[in-house]
Amino acid sequence: MADRKALAHLLRRATFGPTAEEVDAAERAGPSVTLDALISPAGDDAGAARTPVPKLPPVVNEKTDRAAQIRTVGYWWLDRMVQAEHQLHEKLTFFWHGHWATSADKVKYGPLMLGHQQTLARTALGDFGTMVRAMVHDPALIIWLDGQRNTVKAPNENLARELMELFTLGVGHYTEQDVREGARALTGWVVDPKSGTASLNPKRHDAKPKTILGTTADFDADGFAALLLGQPACPEFIARRLWLRYCGDNPIPEAVLAEAKRQSTTAAMLRVLLLADGHAELVKQPVEWLVGALRQLGLRPGDMPEQQRKQLQGGLNQLGQVPLRPPSVGGWPAGAAWLTTSATQARLKMAQLLAGKAPQPVLDRIGAAPKGQRAVALARLLVVDAFTDRTRAALDAVAGDPRKLLALGLASPEYAIA
């Protein structure tokens with residue numbers, strides 16, 4: 001049988017938060033088979049079927065009803081992340097949300113944000129080119145980066161710049177002239193928020209030749225996307241982004257990078273990275289922390305009253321990561337940025353809320369162990385390799401109260417690490 005600690009590590013990286021039973025199954029199957037099953041799961045996703053895409057309420061009052069639509073999408077997505085059985089796909093979709101960071105704070109239209117999420121989900125595992133071509137026409141991204149203001153008479157460079165800098169190539173692989181010419185290629189796209197569609201207005205588009213990255217042609221949005229995808233810097237940029245978010249801030253080994261760049265899909269690239277040596281410690285992002293805890297405790301946001309769902313969203317807001325609301329086009333931070341004093345206090349408050357709602361069977365699993373072994377039972381439940389002596393002493397001090405024990409375990413430094 002494969003090493004349980006290594007498999008728990010793999011599952012923590014590949015999913016939002018594995019259950020003890022999922023680690024048991026992986027231990028029997030081994031890492032390669034486990035990862036294959038995560039990337040290409042057999043059968044439909046029953047959890048996704050339990051969380052169908054919401055029908056958004058109509059807009060009568062512009063301000064309040066638009067806010068209600070965004071809340072509906074946010075509640076649904078959190079519930080989907082918890083319920084989804086195809087966890088690698090679900091977590092990768094959220095990774096792409098941070099990559100193509102687009103915020104409802106500016107977009108303001110629930111249907112556009114839902115459509116954006118659905119595009120990310122549909123293209124998450126496949127050929128990156130399919131995703132890029134979809135995103136240059138994505139209504140939410142166009143609004144977010146002022147693409148609808150980009151016309152032949154008044155070019156706006158925001159989308160062209162971020163498309164190269166943050167989405168496909170990275171800094172140092174283009175010039176300011178490339179940005180200006182790329183903006184011309186993207187001119188003319190307009191968004192109809194009511195229909196949720198983007199379309200090209202030929203009168204607003206610059207159809208003249210452009211020279212981008214040393215190539216001259218009558219580039220439009222699709223041609224510009226194809227040019228970027230053909231750059232050698234593109235697959236390397238994506239591999240490095242995936243490595244940072246899934247494997248840590250250690251330098252990616254050159255052999256691993258070379259192998260990842262050869263893969264034709266994001267799923268295949270991620271498989272190479274997850275099975276590679278050289279991973280560093282990762283701090284869980286707040287959404288990852290919350291979704292993993294909900295999964296391990298058997299709690300479903302969709303079953304909670306409105307007030308408790310608001311508490312979950314409020315907790316994520318205090319922690320600094322709310323789905324649909326990245327702070328900037330650069331997405332959310334990583335690593336120690338999530339370990340501030342205020343974040344620690346917010347995690348403890350959230351942990352107490354979750355422990356207070358823990359189902360009795362979960363508490364019974366902890367309470368069934370002798371008092372001196374309840375911290376060990378908790379580590380198994382939360383898929384923590386081991387608690388330090390300091391944490392263990394704090395846990396042992398409240399071992400007689402399973403809810404307090406659970407809250408401290410969820411708020412512990414060990415549980416904050418993926």
# chains A, B, ... in the order shown; residues from 1 in each chain; ligands from 1
>>> residues_around(residues="A:Gln373", least_positions_apart="5", cutoff="9 Å", atoms="only C-alpha atoms", output="mmCIF file with N, CA and C atoms, in the first residue's frame")
data_model
loop_
_atom_site.group_PDB
_atom_site.id
_atom_site.type_symbol
_atom_site.label_atom_id
_atom_site.label_comp_id
_atom_site.auth_asym_id
_atom_site.auth_seq_id
_atom_site.Cartn_x
_atom_site.Cartn_y
_atom_site.Cartn_z
ATOM 1 N N ILE A 366 -15.304 11.490 17.101
ATOM 2 C CA ILE A 366 -14.216 12.009 17.937
ATOM 3 C C ILE A 366 -14.358 11.501 19.366
ATOM 4 N N LEU A 378 -9.154 13.403 15.796
ATOM 5 C CA LEU A 378 -9.436 14.665 15.116
ATOM 6 C C LEU A 378 -8.516 14.851 13.910
ATOM 7 N N ASP A 396 -5.684 18.663 23.922
ATOM 8 C CA ASP A 396 -5.920 17.750 25.040
ATOM 9 C C ASP A 396 -6.634 18.453 26.182
ATOM 10 N N ALA A 399 -10.318 18.180 25.445
ATOM 11 C CA ALA A 399 -10.718 16.896 24.855
ATOM 12 C C ALA A 399 -12.058 16.399 25.350
#
>>> select_by_dssp(residues="stretch 168-358 of chain A", states="alpha helix (DSSP H)", output="MDAnalysis selection string")
chainID A and resid 176:185 221:229 233:247 254:261 266:275 286:297 306:319 341:357
>>> closest_atom_pairs(of="stretch 311-388 of chain A", to="stretch 292-300 of chain A", cutoff="7 Å", atoms="only C-alpha atoms", output="Markdown table")
| residue | atom | partner | partner_atom | distance |
| --- | --- | --- | --- | --- |
| A:Ala358 | CA | A:Leu297 | CA | 6.1 |
| A:Val362 | CA | A:Leu297 | CA | 6.6 |
| A:Leu381 | CA | A:Gln296 | CA | 6.9 |
| A:Leu382 | CA | A:Gln296 | CA | 6.5 |
>>> closest_residue(among="A:Leu120, A:Leu273, A:Met135, A:Leu228", to="A:Leu169", atoms="only C-alpha atoms")
A:Leu228
>>> closest_atom_pairs(of="stretch 234-306 of chain A", to="stretch 49-58 of chain A", cutoff="12 Å", atoms="only C-alpha atoms", output="tab-separated table")
residue	atom	partner	partner_atom	distance
A:Arg300	CA	A:Thr51	CA	10.5
A:Pro301	CA	A:Thr51	CA	10.7
A:Gly302	CA	A:Thr51	CA	8.4
A:Asp303	CA	A:Thr51	CA	11.1
>>> write_last_selection(atoms="N, CA and C atoms", output="mmCIF file, in the first residue's frame")
data_model
loop_
_atom_site.group_PDB
_atom_site.id
_atom_site.type_symbol
_atom_site.label_atom_id
_atom_site.label_comp_id
_atom_site.auth_asym_id
_atom_site.auth_seq_id
_atom_site.Cartn_x
_atom_site.Cartn_y
_atom_site.Cartn_z
ATOM 1 N N ARG A 300 -23.559 21.169 4.337
ATOM 2 C CA ARG A 300 -23.857 21.706 3.011
ATOM 3 C C ARG A 300 -24.417 23.118 3.144
ATOM 4 N N PRO A 301 -23.757 24.115 2.565
ATOM 5 C CA PRO A 301 -24.274 25.490 2.662
ATOM 6 C C PRO A 301 -25.705 25.632 2.155
ATOM 7 N N GLY A 302 -26.032 24.878 1.093
ATOM 8 C CA GLY A 302 -27.376 24.978 0.526
ATOM 9 C C GLY A 302 -28.468 24.535 1.460
ATOM 10 N N ASP A 303 -28.137 23.763 2.483
ATOM 11 C CA ASP A 303 -29.129 23.317 3.468
ATOM 12 C C ASP A 303 -29.252 24.287 4.644
#
>>> closest_residue(among="A:Phe167, A:Trp338, A:Trp100, A:Phe219", to="A:Glu236", atoms="only C-alpha atoms")
A:Phe167
>>> residues_around(residues="stretch 278-287 of chain A", least_positions_apart="2", cutoff="9 Å", atoms="only C-alpha atoms", output="count of residues only")
39
>>> closest_residue(among="A:Leu227, A:Ala25, A:Leu354, A:Leu35", to="A:Leu312", atoms="only C-alpha atoms")
A:Leu354
>>> select_by_dssp(residues="stretch 37-286 of chain A", states="strand (DSSP E)", output="ChimeraX atom specification")
/A:189-192,197-200,210-212,215-217
>>> residues_around(residues="stretch 196-203 of chain A", least_positions_apart="6", cutoff="9 Å", atoms="only C-alpha atoms", output="list in words")
Tyr109, Pro111, Leu112, Gly115, His137, Asp138, Pro139, Ala140, Ile142, Thr151, Val152, Thr187, Gly188, Trp189 and Val190 of chain A
>>> write_last_selection(atoms="C-alpha atoms", output="PDB file, in the first residue's frame")
ATOM      1  CA  TYR A 109     -24.529  41.697 -13.556  1.00  0.00           C
ATOM      2  CA  PRO A 111     -25.911  36.530 -15.362  1.00  0.00           C
ATOM      3  CA  LEU A 112     -22.549  37.750 -16.698  1.00  0.00           C
ATOM      4  CA  GLY A 115     -21.664  32.882 -17.460  1.00  0.00           C
ATOM      5  CA  HIS A 137     -15.066  37.102 -25.952  1.00  0.00           C
ATOM      6  CA  ASP A 138     -16.250  36.751 -22.339  1.00  0.00           C
ATOM      7  CA  PRO A 139     -18.720  39.568 -21.516  1.00  0.00           C
ATOM      8  CA  ALA A 140     -17.739  39.807 -17.840  1.00  0.00           C
ATOM      9  CA  ILE A 142     -14.640  42.579 -21.347  1.00  0.00           C
ATOM     10  CA  THR A 151     -12.755  51.490 -30.239  1.00  0.00           C
ATOM     11  CA  VAL A 152     -10.886  52.357 -33.398  1.00  0.00           C
ATOM     12  CA  THR A 187     -11.363  46.939 -30.677  1.00  0.00           C
ATOM     13  CA  GLY A 188     -15.070  46.868 -31.391  1.00  0.00           C
ATOM     14  CA  TRP A 189     -16.430  44.403 -28.849  1.00  0.00           C
ATOM     15  CA  VAL A 190     -19.602  45.487 -27.068  1.00  0.00           C
TER      16      VAL A 190
END
>>> atom_distance(atom1="atom CA of A:Ala258", atom2="atom CA of A:Asp3")
27.2 Å
>>> residues_around(residues="A:Ala183", least_positions_apart="6", cutoff="8 Å", atoms="only C-alpha atoms", output="VMD selection string")
chain A and resid 150 155 to 161
>>> closest_residue(among="A:Thr265, A:Gln83, A:Gln69, A:Thr102", to="A:Ile39", atoms="only C-alpha atoms")
A:Thr265
